[in-house]
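Text of protein-v8.pdb, listed as PDB, C-alpha atoms, pLDDT in the B column:
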ATOM      1  CA  GLN A   1     -10.939 -50.295 -65.461  1.00 84.00           C
ATOM      2  CA  VAL A   2     -14.617 -49.819 -64.805  1.00 91.00           C
ATOM      3  CA  GLN A   3     -16.651 -47.321 -66.773  1.00 95.00           C
ATOM      4  CA  LEU A   4     -19.746 -45.980 -65.082  1.00 97.00           C
ATOM      5  CA  VAL A   5     -22.532 -44.146 -66.890  1.00 97.00           C
ATOM      6  CA  GLU A   6     -25.323 -42.454 -64.958  1.00 97.00           C
ATOM      7  CA  SER A   7     -28.739 -41.641 -66.364  1.00 97.00           C
ATOM      8  CA  GLY A   8     -32.184 -40.651 -65.181  1.00 98.00           C
ATOM      9  CA  GLY A   9     -31.568 -37.145 -63.938  1.00 97.00           C
ATOM     10  CA  GLY A  10     -33.820 -34.243 -64.793  1.00 97.00           C
ATOM     11  CA  LEU A  11     -36.108 -31.514 -63.537  1.00 98.00           C
ATOM     12  CA  VAL A  12     -38.843 -32.436 -61.074  1.00 98.00           C
ATOM     13  CA  GLN A  13     -41.147 -30.556 -58.728  1.00 98.00           C
ATOM     14  CA  ALA A  14     -40.749 -30.800 -54.991  1.00 98.00           C
ATOM     15  CA  GLY A  15     -42.386 -33.960 -53.706  1.00 98.00           C
ATOM     16  CA  GLY A  16     -41.771 -35.788 -56.949  1.00 98.00           C
ATOM     17  CA  SER A  17     -39.679 -38.835 -57.739  1.00 98.00           C
ATOM     18  CA  LEU A  18     -36.813 -39.813 -59.974  1.00 98.00           C
ATOM     19  CA  ARG A  19     -34.882 -43.027 -60.476  1.00 98.00           C
ATOM     20  CA  LEU A  20     -31.222 -42.767 -61.312  1.00 98.00           C
ATOM     21  CA  SER A  21     -29.385 -45.623 -62.978  1.00 98.00           C
ATOM     22  CA  CYS A  22     -25.686 -46.327 -63.188  1.00 98.00           C
ATOM     23  CA  ALA A  23     -24.525 -48.858 -65.751  1.00 97.00           C
ATOM     24  CA  ALA A  24     -21.117 -50.464 -65.290  1.00 96.00           C
ATOM     25  CA  SER A  25     -18.921 -51.810 -68.057  1.00 92.00           C
ATOM     26  CA  ARG A  26     -17.332 -54.730 -66.254  1.00 75.00           C
ATOM     27  CA  ARG A  27     -18.708 -58.256 -66.057  1.00 76.00           C
ATOM     28  CA  THR A  28     -17.056 -58.447 -62.627  1.00 86.00           C
ATOM     29  CA  PHE A  29     -19.529 -55.830 -61.386  1.00 92.00           C
ATOM     30  CA  SER A  30     -20.494 -58.074 -58.486  1.00 92.00           C
ATOM     31  CA  ARG A  31     -17.099 -57.591 -56.824  1.00 94.00           C
ATOM     32  CA  TYR A  32     -17.661 -53.852 -56.474  1.00 96.00           C
ATOM     33  CA  ALA A  33     -19.333 -52.044 -53.626  1.00 97.00           C
ATOM     34  CA  MET A  34     -21.234 -49.115 -55.098  1.00 98.00           C
ATOM     35  CA  GLY A  35     -22.080 -45.664 -53.870  1.00 98.00           C
ATOM     36  CA  TRP A  36     -24.008 -42.572 -54.864  1.00 98.00           C
ATOM     37  CA  PHE A  37     -22.682 -39.126 -54.092  1.00 98.00           C
ATOM     38  CA  ARG A  38     -23.876 -35.655 -54.987  1.00 98.00           C
ATOM     39  CA  GLN A  39     -22.406 -32.211 -55.371  1.00 98.00           C
ATOM     40  CA  ALA A  40     -24.445 -29.055 -55.272  1.00 98.00           C
ATOM     41  CA  LEU A  41     -23.186 -25.862 -56.858  1.00 96.00           C
ATOM     42  CA  GLY A  42     -20.527 -24.303 -54.653  1.00 96.00           C
ATOM     43  CA  LYS A  43     -20.506 -27.181 -52.189  1.00 97.00           C
ATOM     44  CA  GLU A  44     -18.337 -30.198 -51.570  1.00 96.00           C
ATOM     45  CA  ARG A  45     -19.248 -33.641 -52.807  1.00 97.00           C
ATOM     46  CA  GLU A  46     -21.301 -35.496 -50.212  1.00 98.00           C
ATOM     47  CA  PHE A  47     -22.296 -39.082 -49.615  1.00 98.00           C
ATOM     48  CA  VAL A  48     -25.846 -40.153 -50.421  1.00 98.00           C
ATOM     49  CA  ALA A  49     -26.096 -43.950 -50.297  1.00 98.00           C
ATOM     50  CA  ALA A  50     -24.010 -47.105 -50.615  1.00 98.00           C
ATOM     51  CA  ILE A  51     -24.634 -50.776 -51.251  1.00 98.00           C
ATOM     52  CA  SER A  52     -22.483 -53.846 -50.714  1.00 97.00           C
ATOM     53  CA  ARG A  53     -21.352 -56.014 -53.600  1.00 95.00           C
ATOM     54  CA  SER A  54     -24.110 -58.558 -53.023  1.00 93.00           C
ATOM     55  CA  GLY A  55     -26.745 -55.928 -52.299  1.00 95.00           C
ATOM     56  CA  GLY A  56     -27.381 -57.303 -48.837  1.00 96.00           C
ATOM     57  CA  THR A  57     -26.181 -54.211 -46.994  1.00 97.00           C
ATOM     58  CA  THR A  58     -27.175 -50.615 -47.629  1.00 98.00           C
ATOM     59  CA  TYR A  59     -26.241 -47.367 -45.934  1.00 98.00           C
ATOM     60  CA  TYR A  60     -27.730 -43.895 -46.259  1.00 98.00           C
ATOM     61  CA  ALA A  61     -26.951 -40.338 -45.356  1.00 98.00           C
ATOM     62  CA  ASP A  62     -29.322 -39.045 -42.702  1.00 98.00           C
ATOM     63  CA  SER A  63     -30.572 -36.385 -45.096  1.00 97.00           C
ATOM     64  CA  VAL A  64     -32.039 -38.979 -47.495  1.00 98.00           C
ATOM     65  CA  LYS A  65     -32.932 -41.838 -45.170  1.00 98.00           C
ATOM     66  CA  GLY A  66     -36.529 -42.898 -45.649  1.00 98.00           C
ATOM     67  CA  ARG A  67     -36.804 -41.087 -48.998  1.00 98.00           C
ATOM     68  CA  PHE A  68     -34.095 -42.674 -51.169  1.00 98.00           C
ATOM     69  CA  THR A  69     -33.471 -46.351 -51.881  1.00 98.00           C
ATOM     70  CA  ILE A  70     -30.328 -47.822 -53.388  1.00 98.00           C
ATOM     71  CA  SER A  71     -30.460 -51.190 -55.114  1.00 98.00           C
ATOM     72  CA  ARG A  72     -28.496 -53.178 -57.646  1.00 98.00           C
ATOM     73  CA  ASP A  73     -28.969 -55.820 -60.310  1.00 97.00           C
ATOM     74  CA  ASN A  74     -25.721 -57.738 -60.669  1.00 95.00           C
ATOM     75  CA  ALA A  75     -27.037 -59.659 -63.666  1.00 94.00           C
ATOM     76  CA  LYS A  76     -27.471 -56.373 -65.551  1.00 95.00           C
ATOM     77  CA  ASN A  77     -24.455 -54.532 -64.065  1.00 96.00           C
ATOM     78  CA  ILE A  78     -26.669 -51.682 -62.876  1.00 97.00           C
ATOM     79  CA  VAL A  79     -27.093 -49.832 -59.604  1.00 98.00           C
ATOM     80  CA  TYR A  80     -30.172 -47.694 -58.986  1.00 98.00           C
ATOM     81  CA  LEU A  81     -31.094 -44.803 -56.766  1.00 98.00           C
ATOM     82  CA  GLN A  82     -34.834 -44.385 -56.303  1.00 98.00           C
ATOM     83  CA  MET A  83     -35.518 -40.890 -55.023  1.00 98.00           C
ATOM     84  CA  ASN A  84     -38.932 -40.082 -53.575  1.00 98.00           C
ATOM     85  CA  GLY A  85     -40.173 -37.024 -51.768  1.00 98.00           C
ATOM     86  CA  LEU A  86     -37.605 -34.841 -53.474  1.00 98.00           C
ATOM     87  CA  LYS A  87     -36.795 -31.471 -51.961  1.00 98.00           C
ATOM     88  CA  PRO A  88     -35.135 -28.407 -53.492  1.00 98.00           C
ATOM     89  CA  GLU A  89     -32.085 -29.105 -51.343  1.00 97.00           C
ATOM     90  CA  ASP A  90     -31.629 -32.385 -53.206  1.00 98.00           C
ATOM     91  CA  THR A  91     -30.659 -30.385 -56.292  1.00 98.00           C
ATOM     92  CA  ALA A  92     -27.150 -31.441 -57.312  1.00 98.00           C
ATOM     93  CA  VAL A  93     -25.090 -33.419 -59.766  1.00 98.00           C
ATOM     94  CA  TYR A  94     -25.349 -37.056 -58.740  1.00 98.00           C
ATOM     95  CA  TYR A  95     -22.411 -39.394 -59.239  1.00 98.00           C
ATOM     96  CA  CYS A  96     -22.121 -43.131 -58.885  1.00 98.00           C
ATOM     97  CA  ALA A  97     -18.877 -44.709 -57.777  1.00 98.00           C
ATOM     98  CA  ALA A  98     -17.387 -48.186 -57.553  1.00 97.00           C
ATOM     99  CA  GLU A  99     -14.950 -49.691 -55.086  1.00 95.00           C
ATOM    100  CA  ASP A 100     -13.333 -53.072 -55.551  1.00 93.00           C
ATOM    101  CA  SER A 101     -14.383 -54.868 -52.365  1.00 89.00           C
ATOM    102  CA  THR A 102     -13.180 -58.342 -53.317  1.00 88.00           C
ATOM    103  CA  TYR A 103     -10.992 -58.673 -50.234  1.00 87.00           C
ATOM    104  CA  TYR A 104     -13.439 -57.096 -47.810  1.00 88.00           C
ATOM    105  CA  SER A 105     -16.390 -58.505 -45.978  1.00 86.00           C
ATOM    106  CA  GLY A 106     -19.406 -59.167 -48.168  1.00 84.00           C
ATOM    107  CA  SER A 107     -21.321 -56.582 -46.173  1.00 90.00           C
ATOM    108  CA  TYR A 108     -18.749 -53.848 -46.766  1.00 93.00           C
ATOM    109  CA  VAL A 109     -20.018 -50.400 -47.673  1.00 95.00           C
ATOM    110  CA  SER A 110     -18.313 -47.013 -47.496  1.00 95.00           C
ATOM    111  CA  SER A 111     -19.428 -43.409 -47.268  1.00 96.00           C
ATOM    112  CA  GLU A 112     -15.926 -42.045 -47.908  1.00 96.00           C
ATOM    113  CA  PRO A 113     -15.371 -40.776 -51.455  1.00 96.00           C
ATOM    114  CA  ASN A 114     -11.620 -41.398 -51.199  1.00 96.00           C
ATOM    115  CA  GLU A 115     -12.300 -45.135 -50.834  1.00 95.00           C
ATOM    116  CA  TYR A 116     -13.868 -45.381 -54.285  1.00 97.00           C
ATOM    117  CA  ASP A 117     -11.830 -46.352 -57.312  1.00 95.00           C
ATOM    118  CA  TYR A 118     -14.047 -45.349 -60.228  1.00 96.00           C
ATOM    119  CA  TRP A 119     -16.528 -42.567 -60.862  1.00 97.00           C
ATOM    120  CA  GLY A 120     -19.158 -41.761 -63.428  1.00 97.00           C
ATOM    121  CA  GLN A 121     -19.538 -38.419 -65.152  1.00 97.00           C
ATOM    122  CA  GLY A 122     -22.604 -37.401 -63.171  1.00 97.00           C
ATOM    123  CA  THR A 123     -26.229 -36.615 -63.915  1.00 98.00           C
ATOM    124  CA  GLN A 124     -28.004 -33.396 -62.962  1.00 98.00           C
ATOM    125  CA  VAL A 125     -31.027 -33.495 -60.672  1.00 98.00           C
ATOM    126  CA  THR A 126     -32.947 -30.268 -60.234  1.00 98.00           C
ATOM    127  CA  VAL A 127     -35.876 -30.000 -57.841  1.00 98.00           C
ATOM    128  CA  SER A 128     -38.065 -26.928 -58.166  1.00 97.00           C
ATOM    129  CA  SER A 129     -40.080 -25.534 -55.279  1.00 93.00           C
TER     130      SER A 129
END

Starting from the coordinates I provided, produce the structure as structure tokens.
Amino acid sequence: QVQLVESGGGLVQAGGSLRLSCAASRRTFSRYAMGWFRQALGKEREFVAAISRSGGTTYYADSVKGRFTISRDNAKNIVYLQMNGLKPEDTAVYYCAAEDSTYYSGSYVSSEPNEYDYWGQGTQVTVSS
């Protein structure tokens, strides 16, 4: 079992920045590929960004490319999502997720929510116009 706890959400004006953090409970954190997803009110959960277990590979949704950066610190069991240039359409609950990628390539990342094994409880991000 992996427990994931997100933090760092809040209210920000358009154009502002936030950094989300996701702390994982397992010391084997480095075997997990990690992803960030979001779900706006009345909409389906959508992919935001993903990072391989080593951090060497990242992947972004087109809607956030160039504005958001995913990173991880395997020594601290934390994955981050730096969000710059926020827009009102970025308003959503943001979730981090973990997928055991031990038997996959070290560069493995996934944008499919069904591939992920563990999820956090989410943190609200609200961007005002």

**Message:** With the PyMOL selection byres ((chain A and resi 99) around 10) as the selection, what would be picked from this file? Answer as number ranges by chain, please.
**Reply:** A: 2, 29, 31-35, 52-53, 97-98, 100-102, 109-110, 113-119

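What the PyMOL selection byres ((chain A and resi 5) around 6) grabs from this file is Leu4, Glu6, Cys22, Ala23 and Gly120 of chain A.
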
Write the residues of the selection above to a file with C-alpha atoms, as a PDB file, in the coordinates of the input.
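See part-v5.pdb below for the written result:
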ATOM      1  CA  LEU A   4     -19.746 -45.980 -65.082  1.00 97.00           C
ATOM      2  CA  GLU A   6     -25.323 -42.454 -64.958  1.00 97.00           C
ATOM      3  CA  CYS A  22     -25.686 -46.327 -63.188  1.00 98.00           C
ATOM      4  CA  ALA A  23     -24.525 -48.858 -65.751  1.00 97.00           C
ATOM      5  CA  GLY A 120     -19.158 -41.761 -63.428  1.00 97.00           C
TER       6      GLY A 120
END

**Message:** Could you check which residues have any atom within 10 Å of (-29.7, -50.1, -60.8), counting only C-alpha atoms with coordinates taken straight from the file, and then list them as a PyMOL selection string?
**Reply:** chain A and resi 6+19-24+70-74+76-82

**Item:** Point-to-point distance in Å for CA of Gly122 in chain A and CA of Phe68 in chain A
**Value:**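 According to the coordinates, CA of Phe68 in chain A and CA of Gly122 in chain A are separated by 17.4 Å.
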
**Request:** Just say which residues the PyMOL selection byres ((chain A and resi 90) around 9) picks in this file, as number ranges by chain.
**Result:** A: 38, 40, 64, 86-89, 91-92, 125-127

**Request:** Can you work out the spacing between CA of Arg26 in chain A and CA of Arg45 in chain A in Å, to one decimal?
**Result:** 25.1 Å

Edge lengths and centre, in Å to one decimal, as JSON: that's what I need for the box along x, y and z that holds all listed atoms of range 4-20 of chain A plus 4 Å on each side.
{"center_x": -31.1, "center_y": -38.3, "center_z": -60.3, "size_x": 30.6, "size_y": 23.4, "size_z": 21.2}

**Complete:** Of A:Gly55, A:Ser63, A:Ser105, A:Ser7, the one sitting nearest Gly85 in chain A when using all atoms listed in the file is A:Ser63

**Message:** Just the number, please: distance in Å from CA of Gly66 in chain A to CA of Val48 in chain A, one decimal.
**Reply:**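 Atom-to-atom, CA of Gly66 in chain A and CA of Val48 in chain A are spaced 12.0 Å apart.
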
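Each of A:Tyr103, A:Tyr94, A:Ser25, A:Arg67 was compared to Gln39 in chain A using only C-alpha atoms, and A:Tyr94 turns out to be the nearest.
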
**Item:** Residue nearest Gly9 in chain A among A:Ala49, A:Ala61, A:Val93, A:Leu41 (counting all atoms listed in the file)
**Value:**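 Closest candidate: A:Val93.
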
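With only C-alpha atoms as the atoms that count, the minimum distance from Arg27 in chain A to the choices A:Gln3, A:Thr57, A:Ser129, A:Gln13 is reached by A:Gln3.
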